[in-house]
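Novice: Structure file entry-v1.cif, mmCIF, C-alpha atoms and all ligand atoms, is pasted below:
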```cif
data_coords
loop_
_atom_site.label_atom_id
_atom_site.label_comp_id
_atom_site.auth_asym_id
_atom_site.auth_seq_id
_atom_site.Cartn_x
_atom_site.Cartn_y
_atom_site.Cartn_z
CA MET A 1 210.24 22.35 111.61
CA GLN A 2 208.77 20.59 108.62
CA ASN A 3 209.86 21.91 105.25
CA THR A 4 206.72 22.37 103.22
CA PHE A 5 208.45 24.15 100.31
CA GLN A 6 208.91 21.00 98.23
CA HIS A 7 206.77 20.69 95.14
CA HIS A 8 207.26 18.82 91.87
CA LEU A 9 206.48 21.94 89.83
CA PRO A 10 207.84 24.07 88.28
CA ASP A 11 210.55 22.09 86.46
CA GLU A 12 214.11 23.34 86.67
CA ASN A 13 213.55 25.88 83.91
CA GLY A 14 210.57 27.30 85.72
CA TYR A 15 207.80 25.67 83.67
CA PHE A 16 204.42 24.52 84.86
CA GLY A 17 203.57 22.40 81.83
CA GLU A 18 204.00 24.85 78.96
CA TYR A 19 203.60 27.98 81.09
CA GLY A 20 206.12 30.06 83.01
CA GLY A 21 209.80 30.24 82.06
CA ALA A 22 211.93 33.37 82.02
CA PHE A 23 211.67 35.74 79.06
CA ILE A 24 214.16 38.39 80.15
CA PRO A 25 217.07 40.44 78.81
CA PRO A 26 220.28 38.37 78.73
CA GLU A 27 221.84 40.77 81.30
CA LEU A 28 219.31 39.54 83.84
CA GLN A 29 219.55 35.79 83.23
CA GLY A 30 222.64 35.42 85.42
CA VAL A 31 221.02 37.27 88.31
CA MET A 32 217.82 35.22 88.04
CA ASP A 33 219.85 32.00 88.05
CA GLU A 34 221.65 33.19 91.16
CA ILE A 35 218.37 34.04 92.93
CA THR A 36 217.02 30.60 92.02
CA SER A 37 220.02 28.69 93.31
CA GLU A 38 220.31 30.80 96.48
CA TYR A 39 216.60 30.36 97.12
CA LYS A 40 216.78 26.60 96.69
CA LYS A 41 219.69 26.49 99.13
CA ILE A 42 218.18 28.82 101.70
CA ILE A 43 214.84 27.00 101.95
CA GLN A 44 216.72 23.90 103.03
CA GLU A 45 218.23 25.83 105.95
CA LYS A 46 216.60 25.38 109.29
CA SER A 47 217.63 28.87 110.43
CA PHE A 48 215.84 30.54 107.48
CA LEU A 49 212.65 28.53 107.95
CA GLU A 50 212.63 29.20 111.68
CA GLU A 51 213.25 32.91 111.25
CA LEU A 52 210.43 33.19 108.73
CA ALA A 53 208.08 31.11 110.92
CA ALA A 54 208.85 33.36 113.90
CA LEU A 55 208.08 36.49 111.84
CA TYR A 56 204.81 34.96 110.67
CA LYS A 57 203.85 34.20 114.24
CA HIS A 58 205.03 37.22 116.20
CA TYR A 59 204.98 39.96 113.57
CA VAL A 60 202.19 39.07 111.17
CA GLY A 61 200.02 37.43 113.82
CA ARG A 62 199.80 33.98 112.21
CA PRO A 63 198.09 31.61 112.20
CA SER A 64 195.18 33.69 110.96
CA PRO A 65 191.92 32.17 112.23
CA ILE A 66 189.22 30.44 110.24
CA PHE A 67 185.82 31.88 111.06
CA HIS A 68 182.60 29.95 110.48
CA ALA A 69 180.27 32.63 109.06
CA LYS A 70 177.02 31.23 110.42
CA ASN A 71 174.79 34.13 109.43
CA LEU A 72 175.90 33.89 105.81
CA SER A 73 175.67 30.10 105.96
CA ARG A 74 172.07 30.25 107.16
CA LYS A 75 171.11 32.71 104.43
CA TYR A 76 172.88 31.01 101.51
CA GLY A 77 172.31 27.37 102.49
CA SER A 78 175.86 26.05 102.61
CA GLU A 79 178.45 26.25 105.40
CA ILE A 80 180.72 29.21 104.62
CA TYR A 81 184.09 29.53 106.35
CA LEU A 82 186.53 32.43 106.03
CA LYS A 83 190.32 32.20 106.21
CA ARG A 84 191.02 35.56 107.84
CA GLU A 85 194.06 36.94 105.98
CA ASP A 86 192.46 40.34 106.56
CA LEU A 87 193.65 40.10 110.16
CA ASN A 88 197.33 40.00 109.22
CA HIS A 89 199.58 42.96 110.04
CA THR A 90 199.13 45.43 107.13
CA GLY A 91 195.71 43.95 106.40
CA ALA A 92 196.19 41.38 103.66
CA HIS A 93 198.03 38.26 102.52
CA LYS A 94 200.77 40.22 100.71
CA ILE A 95 202.91 40.52 103.84
CA ASN A 96 203.47 36.72 103.68
CA HIS A 97 205.54 36.85 100.49
CA CYS A 98 207.02 40.29 101.14
CA LEU A 99 208.64 39.04 104.35
CA GLY A 100 209.90 35.93 102.54
CA GLU A 101 211.39 37.95 99.69
CA ALA A 102 212.91 40.55 102.03
CA LEU A 103 214.46 37.86 104.23
CA LEU A 104 215.88 36.16 101.14
CA ALA A 105 217.33 39.51 99.96
CA LYS A 106 218.96 40.02 103.31
CA LYS A 107 220.47 36.52 103.39
CA MET A 108 221.82 37.13 99.88
CA GLY A 109 223.57 40.28 101.10
CA LYS A 110 221.40 42.67 99.05
CA LYS A 111 221.12 46.25 100.27
CA LYS A 112 217.86 47.22 98.70
CA ILE A 113 214.55 45.69 97.69
CA ILE A 114 212.58 47.25 94.89
CA ALA A 115 209.15 46.68 93.38
CA GLU A 116 206.40 48.11 91.28
CA THR A 117 203.04 48.89 92.79
CA GLY A 118 199.63 49.73 91.32
CA ALA A 119 197.25 50.80 94.05
CA GLY A 120 200.08 50.73 96.55
CA GLN A 121 199.18 47.61 98.54
CA HIS A 122 202.25 45.66 97.48
CA GLY A 123 204.40 48.75 97.96
CA VAL A 124 203.21 49.22 101.52
CA ALA A 125 203.69 45.54 102.41
CA LEU A 126 207.20 45.55 100.96
CA ALA A 127 208.12 48.86 102.62
CA THR A 128 206.97 47.30 105.90
CA ALA A 129 209.19 44.25 105.44
CA ALA A 130 212.13 46.48 104.44
CA ALA A 131 211.73 48.65 107.54
CA LEU A 132 211.65 45.59 109.78
CA LEU A 133 214.69 43.94 108.22
CA GLY A 134 216.81 47.07 107.78
CA LEU A 135 216.81 47.14 103.97
CA GLU A 136 216.45 50.15 101.68
CA CYS A 137 213.30 50.13 99.59
CA ASP A 138 212.43 51.77 96.24
CA ILE A 139 208.85 51.53 95.06
CA TYR A 140 208.08 52.39 91.43
CA MET A 141 204.61 53.77 90.91
CA GLY A 142 202.81 55.43 88.00
CA GLU A 143 202.30 59.17 88.41
CA VAL A 144 198.55 58.76 87.95
CA ASP A 145 198.42 56.13 90.70
CA ILE A 146 200.51 58.33 93.00
CA ALA A 147 197.88 61.03 92.73
CA LYS A 148 195.00 58.56 93.16
CA GLU A 149 196.36 56.46 96.02
CA HIS A 150 197.57 59.20 98.31
CA PRO A 151 197.22 57.37 101.67
CA ASN A 152 199.39 54.46 100.52
CA VAL A 153 202.03 56.84 99.18
CA VAL A 154 202.11 58.55 102.58
CA ARG A 155 202.38 55.16 104.33
CA MET A 156 205.37 54.19 102.20
CA HIS A 157 207.07 57.52 102.99
CA ILE A 158 206.46 57.08 106.71
CA LEU A 159 207.92 53.58 106.52
CA GLY A 160 211.09 55.06 105.01
CA ALA A 161 210.67 53.86 101.42
CA LYS A 162 211.38 55.95 98.34
CA VAL A 163 208.47 56.26 95.91
CA ILE A 164 209.77 56.72 92.35
CA PRO A 165 207.23 58.03 89.84
CA ALA A 166 206.86 56.35 86.44
CA THR A 167 206.18 59.27 84.15
CA HIS A 168 205.77 57.71 80.69
CA GLY A 169 202.73 56.34 78.88
CA ARG A 170 199.56 56.01 80.90
CA GLN A 171 201.54 56.32 84.14
CA THR A 172 199.92 53.35 85.85
CA LEU A 173 200.89 49.76 86.72
CA LYS A 174 202.34 48.66 83.39
CA GLU A 175 204.65 51.70 83.28
CA ALA A 176 205.61 51.09 86.91
CA VAL A 177 206.70 47.56 85.93
CA ASP A 178 208.80 48.98 83.05
CA ALA A 179 210.40 51.56 85.35
CA ALA A 180 211.13 48.97 88.05
CA PHE A 181 212.82 46.67 85.50
CA GLU A 182 214.90 49.62 84.31
CA GLY A 183 215.86 50.47 87.87
CA TYR A 184 216.71 46.85 88.54
CA LEU A 185 218.96 46.60 85.47
CA LYS A 186 221.02 49.53 86.79
CA ASP A 187 222.19 47.51 89.78
CA PRO A 188 221.04 43.89 89.91
CA VAL A 189 223.87 43.03 92.28
CA ASN A 190 222.84 45.17 95.26
CA GLN A 191 219.09 45.10 94.65
CA LEU A 192 216.43 42.38 94.66
CA TYR A 193 213.28 42.91 92.63
CA ALA A 194 210.53 41.60 94.91
CA ILE A 195 207.65 40.81 92.55
CA GLY A 196 204.18 41.26 94.05
CA SER A 197 202.38 38.10 92.98
CA VAL A 198 202.95 34.63 91.48
CA VAL A 199 203.93 36.27 88.18
CA GLY A 200 207.10 37.41 86.40
CA PRO A 201 210.07 35.30 85.33
CA HIS A 202 211.20 32.14 87.12
CA PRO A 203 211.84 31.81 90.08
CA PHE A 204 209.21 34.35 91.24
CA PRO A 205 206.01 32.36 90.55
CA MET A 206 207.56 29.52 92.55
CA MET A 207 208.96 31.61 95.42
CA VAL A 208 205.87 33.71 95.96
CA ARG A 209 203.70 30.56 95.88
CA ASP A 210 205.96 28.87 98.42
CA PHE A 211 205.85 31.86 100.78
CA GLN A 212 202.06 32.10 100.44
CA SER A 213 201.49 28.37 100.92
CA VAL A 214 201.47 28.96 104.68
CA VAL A 215 197.83 30.04 104.19
CA GLY A 216 196.60 26.67 102.89
CA ASN A 217 198.86 24.66 105.18
CA GLU A 218 197.34 26.36 108.21
CA ALA A 219 193.82 26.20 106.82
CA LYS A 220 193.97 22.46 106.25
CA VAL A 221 194.90 21.76 109.86
CA GLN A 222 192.43 24.32 111.24
CA PHE A 223 189.55 23.06 109.13
CA ARG A 224 190.16 19.47 110.26
CA GLU A 225 190.19 20.61 113.87
CA MET A 226 186.94 22.50 113.42
CA THR A 227 184.97 19.98 111.39
CA GLY A 228 186.85 16.68 111.39
CA GLY A 229 187.38 16.79 107.61
CA LEU A 230 188.35 18.90 104.62
CA PRO A 231 186.28 21.61 102.95
CA ALA A 232 184.32 20.41 99.91
CA ASN A 233 185.14 23.68 98.12
CA VAL A 234 187.89 26.30 98.38
CA VAL A 235 187.41 29.70 96.74
CA ALA A 236 189.87 32.57 96.20
CA CYS A 237 190.01 35.68 94.03
CA VAL A 238 192.64 35.85 91.28
CA GLY A 239 194.52 38.99 90.28
CA GLY A 240 198.05 37.75 89.64
CA GLY A 241 197.01 34.75 91.68
CA SER A 242 199.12 34.72 94.87
CA ASN A 243 196.43 34.45 97.54
CA ALA A 244 194.74 31.76 95.44
CA MET A 245 197.93 29.71 95.04
CA GLY A 246 198.55 30.28 98.74
CA ILE A 247 195.36 28.55 99.78
CA PHE A 248 195.11 26.05 96.85
CA THR A 249 198.57 24.53 97.14
CA ALA A 250 197.83 22.50 100.27
CA PHE A 251 194.71 21.00 98.63
CA LEU A 252 195.99 20.24 95.11
CA GLU A 253 196.38 16.52 95.83
CA ASP A 254 193.02 16.22 97.61
CA ASP A 255 190.73 15.21 94.76
CA ASP A 256 187.61 15.58 96.89
CA VAL A 257 188.29 19.28 97.39
CA SER A 258 186.99 21.42 94.50
CA LEU A 259 189.02 24.56 93.88
CA TYR A 260 187.66 27.80 92.40
CA GLY A 261 189.62 30.84 91.21
CA VAL A 262 187.51 33.97 90.76
CA GLU A 263 188.47 36.63 88.22
CA PRO A 264 187.09 40.17 87.92
CA ALA A 265 184.38 40.52 85.26
CA GLY A 266 184.38 44.29 85.88
CA ARG A 267 181.62 46.17 84.07
CA SER A 268 181.31 43.67 81.23
CA LEU A 269 183.03 40.46 80.17
CA GLU A 270 181.94 41.06 76.61
CA GLU A 271 183.90 44.26 76.05
CA ASP A 272 187.69 44.57 75.89
CA GLY A 273 188.99 46.98 78.51
CA GLU A 274 185.97 46.57 80.78
CA HIS A 275 187.22 43.53 82.74
CA ALA A 276 190.44 41.80 83.81
CA ALA A 277 189.43 38.15 83.39
CA SER A 278 192.76 36.94 81.99
CA ILE A 279 192.00 33.21 82.08
CA THR A 280 188.32 33.40 81.15
CA LYS A 281 188.83 35.72 78.19
CA GLY A 282 192.57 35.62 77.46
CA LYS A 283 194.89 33.33 75.54
CA PRO A 284 198.44 32.08 76.03
CA GLY A 285 201.20 34.58 75.32
CA VAL A 286 204.27 36.25 76.81
CA MET A 287 204.48 39.45 78.85
CA HIS A 288 206.42 40.71 81.87
CA GLY A 289 208.91 37.87 81.50
CA PHE A 290 206.63 34.80 81.52
CA ASN A 291 204.29 32.68 79.43
CA SER A 292 200.67 32.40 80.59
CA TYR A 293 197.06 33.20 79.75
CA MET A 294 196.82 36.93 79.21
CA LEU A 295 194.77 39.71 77.67
CA MET A 296 196.60 41.19 74.71
CA ASP A 297 195.67 43.64 71.98
CA ASP A 298 196.26 42.96 68.27
CA ASN A 299 199.88 44.12 68.55
CA GLY A 300 200.66 41.67 71.33
CA GLU A 301 200.76 44.48 73.89
CA PRO A 302 199.05 44.11 77.28
CA GLN A 303 195.39 45.09 76.90
CA GLU A 304 193.86 47.86 78.97
CA VAL A 305 192.06 46.14 81.82
CA TYR A 306 189.59 47.28 84.42
CA SER A 307 188.11 46.11 87.71
CA VAL A 308 186.52 47.93 90.61
CA ALA A 309 189.14 46.10 92.70
CA SER A 310 192.49 47.64 91.80
CA GLY A 311 194.35 44.61 93.17
CA LEU A 312 192.70 42.40 90.54
CA ASP A 313 193.36 44.80 87.69
CA TYR A 314 196.15 42.87 85.89
CA PRO A 315 196.15 41.66 82.26
CA ALA A 316 197.73 38.27 83.00
CA VAL A 317 197.73 35.54 85.59
CA GLY A 318 200.47 33.48 87.23
CA PRO A 319 201.66 30.57 85.05
CA GLN A 320 200.67 27.87 87.54
CA HIS A 321 197.04 28.99 87.24
CA SER A 322 197.21 28.55 83.45
CA TYR A 323 198.52 25.04 83.99
CA LEU A 324 195.87 24.22 86.60
CA LYS A 325 193.19 25.49 84.25
CA ASP A 326 194.42 23.35 81.35
CA ILE A 327 194.62 20.16 83.43
CA GLY A 328 191.19 20.93 84.90
CA ARG A 329 192.29 20.89 88.55
CA VAL A 330 191.01 24.40 89.29
CA ASN A 331 187.74 25.88 88.00
CA TYR A 332 187.91 29.53 86.99
CA ALA A 333 184.86 31.77 87.14
CA SER A 334 184.25 35.50 87.21
CA ILE A 335 182.30 37.99 89.28
CA SER A 336 181.18 41.46 88.22
CA ASP A 337 181.81 44.78 90.00
CA LYS A 338 178.20 44.87 91.10
CA GLU A 339 178.20 41.35 92.53
CA SER A 340 181.39 42.06 94.46
CA ILE A 341 180.00 45.25 95.97
CA ASP A 342 176.85 43.37 97.03
CA ALA A 343 179.06 40.80 98.75
CA PHE A 344 181.12 43.60 100.35
CA PHE A 345 177.98 44.92 102.07
CA GLU A 346 176.61 41.45 102.77
CA LEU A 347 179.67 40.41 104.79
CA SER A 348 179.82 43.80 106.51
CA ARG A 349 176.18 43.70 107.56
CA LEU A 350 175.71 40.00 108.31
CA GLU A 351 179.02 39.23 110.00
CA GLY A 352 180.55 42.60 110.95
CA ILE A 353 183.59 42.09 108.71
CA ILE A 354 184.43 44.68 106.04
CA PRO A 355 186.34 42.84 103.28
CA ALA A 356 188.67 44.18 100.60
CA ILE A 357 186.75 44.51 97.32
CA GLU A 358 189.20 41.95 95.89
CA SER A 359 188.22 39.39 98.53
CA ALA A 360 184.53 40.27 98.04
CA HIS A 361 184.84 38.71 94.55
CA ALA A 362 185.65 35.34 96.12
CA LEU A 363 182.88 35.78 98.63
CA ALA A 364 180.31 36.66 95.94
CA TYR A 365 181.23 33.47 94.12
CA SER A 366 180.78 31.42 97.30
CA PHE A 367 177.15 32.61 97.43
CA LYS A 368 176.55 31.30 93.89
CA LEU A 369 178.29 28.04 94.74
CA ALA A 370 176.16 27.65 97.86
CA ALA A 371 173.05 27.86 95.67
CA GLU A 372 174.45 25.23 93.29
CA LYS A 373 175.69 22.92 96.02
CA PRO A 374 173.42 23.30 99.06
CA SER A 375 174.49 21.81 102.41
CA SER A 376 178.10 21.71 101.30
CA SER A 377 181.10 23.43 102.87
CA ILE A 378 182.97 26.34 101.32
CA LEU A 379 186.24 27.81 102.54
CA VAL A 380 186.82 31.34 101.22
CA ASN A 381 190.22 32.99 101.36
CA LEU A 382 189.41 36.44 102.74
CA SER A 383 192.62 37.92 101.31
CA GLY A 384 192.35 41.38 102.86
CA ARG A 385 190.37 43.93 104.80
CA GLY A 386 188.33 46.73 103.28
CA ASP A 387 189.54 49.79 105.17
CA LYS A 388 191.38 50.93 102.04
CA ASP A 389 188.12 50.77 100.06
CA ILE A 390 185.54 52.41 102.32
CA ASP A 391 185.69 55.99 101.00
CA PHE A 392 185.51 54.83 97.40
CA VAL A 393 182.66 52.38 98.03
CA VAL A 394 180.54 54.91 99.87
CA ALA A 395 181.15 57.62 97.26
CA GLU A 396 180.34 55.31 94.32
CA TYR A 397 177.75 52.96 95.75
CA GLY A 398 176.64 54.28 99.16
CA LYS A 399 173.21 55.44 97.98
CA ASP A 400 172.29 51.95 96.76
CA TYR A 401 172.91 50.64 100.27
CA GLY A 402 171.14 53.31 102.26
CA ILE A 403 174.16 55.54 102.97
CA SER A 404 173.55 59.11 101.86
C1 LIG B 501 196.75 42.41 95.85
C2 LIG B 501 195.54 41.79 96.39
C3 LIG B 501 194.88 40.74 95.72
C4 LIG B 501 195.28 40.24 94.37
O1 LIG B 501 196.54 39.65 94.29
P1 LIG B 501 196.74 38.09 94.11
O2 LIG B 501 198.19 37.97 93.78
O3 LIG B 501 195.85 37.62 93.01
O4 LIG B 501 196.39 37.46 95.40
C5 LIG B 501 193.78 40.17 96.33
N1 LIG B 501 193.31 40.61 97.53
C6 LIG B 501 193.93 41.61 98.19
C7 LIG B 501 193.35 42.05 99.49
C8 LIG B 501 195.05 42.24 97.65
O5 LIG B 501 195.64 43.25 98.31
#
```
Once you've parsed the file, please lay out its structure as structure tokens.
Specialist:
Amino acid sequence: MQNTFQHHLPDENGYFGEYGGAFIPPELQGVMDEITSEYKKIIQEKSFLEELAALYKHYVGRPSPIFHAKNLSRKYGSEIYLKREDLNHTGAHKINHCLGEALLAKKMGKKKIIAETGAGQHGVALATAAALLGLECDIYMGEVDIAKEHPNVVRMHILGAKVIPATHGRQTLKEAVDAAFEGYLKDPVNQLYAIGSVVGPHPFPMMVRDFQSVVGNEAKVQFREMTGGLPANVVACVGGGSNAMGIFTAFLEDDDVSLYGVEPAGRSLEEDGEHAASITKGKPGVMHGFNSYMLMDDNGEPQEVYSVASGLDYPAVGPQHSYLKDIGRVNYASISDKESIDAFFELSRLEGIIPAIESAHALAYSFKLAAEKPSSSILVNLSGRGDKDIDFVVAEYGKDYGIS
């Protein structure tokens, strides 16, 4: 099979322009170097690529289809197409990189994969991959999130993973990251820390992008088959940025294709703590082991962030996005809670597809784009399905949409 994991960035130190790198304790540098060199070796091996391709096909259900949303297209005046990552096993794009990371861990002889999780989506996807590949799995999760995200905690237990509570500070995602790093430092030889997006120290932004790039590679072929050409616009939501890099990567060299990353504007872009628009409102800095645009307080600590979509609720963004912003290749915009919930119901009621609230951010932006560029074509990465969100949406917003 063709090896599509060859890109000119990052450089050998993990930099995309000035962003990226590895800002980690010296004890971890050796392990990171080993992961990088093993990864670079393994992705040249036919057996690894074939095994991963077979899992994508027979386990995840790839290729995910592209659906031409004709009812939305008619209403908004531009042709809207959806890349259906919501149809993947476990309901989102995250399984793409979790399987890649778990397979890498197994090939490297690791016994256990570990990770942090916020709302639990990454934890469930990783626990799934661990169960399939016979690896142990520890998921670090803030105590507050454990109480809030009960169904995902139960899923991880059923899948055989251990959920380890982070009990310090605010007991949410940031503390889970701290606890996972601590757990990793205790035994970096037998464990692999499988980061949940295109963030963290080198080589993770590169590896997670490579594993997600299957999305754009498929989409490019599918879109040509459907329409005879390429989409004029590609839109994806940006939390850490993995589903966006997944679909953008195949189109980066196609200058006629405009790319849009959509950040969460939350309740208000004008107030700190009320959004998580790291590129739109942040500035370059270092956290969680890498250099990128991020939202920091006056002490250089990660700012409190907020979005109605818990998967977008992260105070930084993957380093390649910062680079793509600076060189002007990708446009970054933001969508509010309210706009995303409107889009959530719009897709549900016009096309019979309930999207994840994260994905509804991308969708909401496609409606605005359609108004700006009528009679164009827009491919939206529908990163996940909304089953996880239905109770919350109905409780918080149901009345506004005729559900009592
Ligand atoms: C986690 C998640 C996201 C955000 O993560 P990225 O790394 O930015 O892609 C988006 N959509 C869904 C459905 C998710 O579960």
Novice: Mind giving me the axis-aligned box for segment 101-109 of chain A with 6 Å on every side, centre plus edges in Å to one decimal, as AutoDock Vina command-line options?
Specialist:
```
--center_x 217.5 --center_y 38.4 --center_z 102.0 --size_x 24.2 --size_y 16.4 --size_z 16.5
```
Novice: For a test of reading the model, state the distance in Å between atom CA of Lys174 of chain A and atom CA of Thr117 of chain A, rounded to one decimal.
Specialist: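 Rounded to one decimal, the two atoms are 9.4 Å apart.
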Novice: Within 7 Å of ligand LIG 501 (chain B), counting all atoms listed in the file: which residues, as a VMD selection string?
Specialist: chain A and resid 92 to 94 121 to 122 196 to 198 237 to 244 311 to 312 356 358 to 359 383 to 385
Novice: Which residue is closest to Pro151 of chain A? Choose from A:Gly120, A:Gly183, A:Gly109, A:Pro65 and count all atoms listed in the file.
Specialist: A:Gly120
Novice: Neighbourhood query: residues within 8 Å of (186.4, 44.7, 107.7), file coordinates, counting all atoms listed in the file; return as a list in words.
Specialist: Asp86, Ser348, Gly352, Ile353, Ile354, Pro355, Ala356, Arg385, Gly386 and Asp387 of chain A
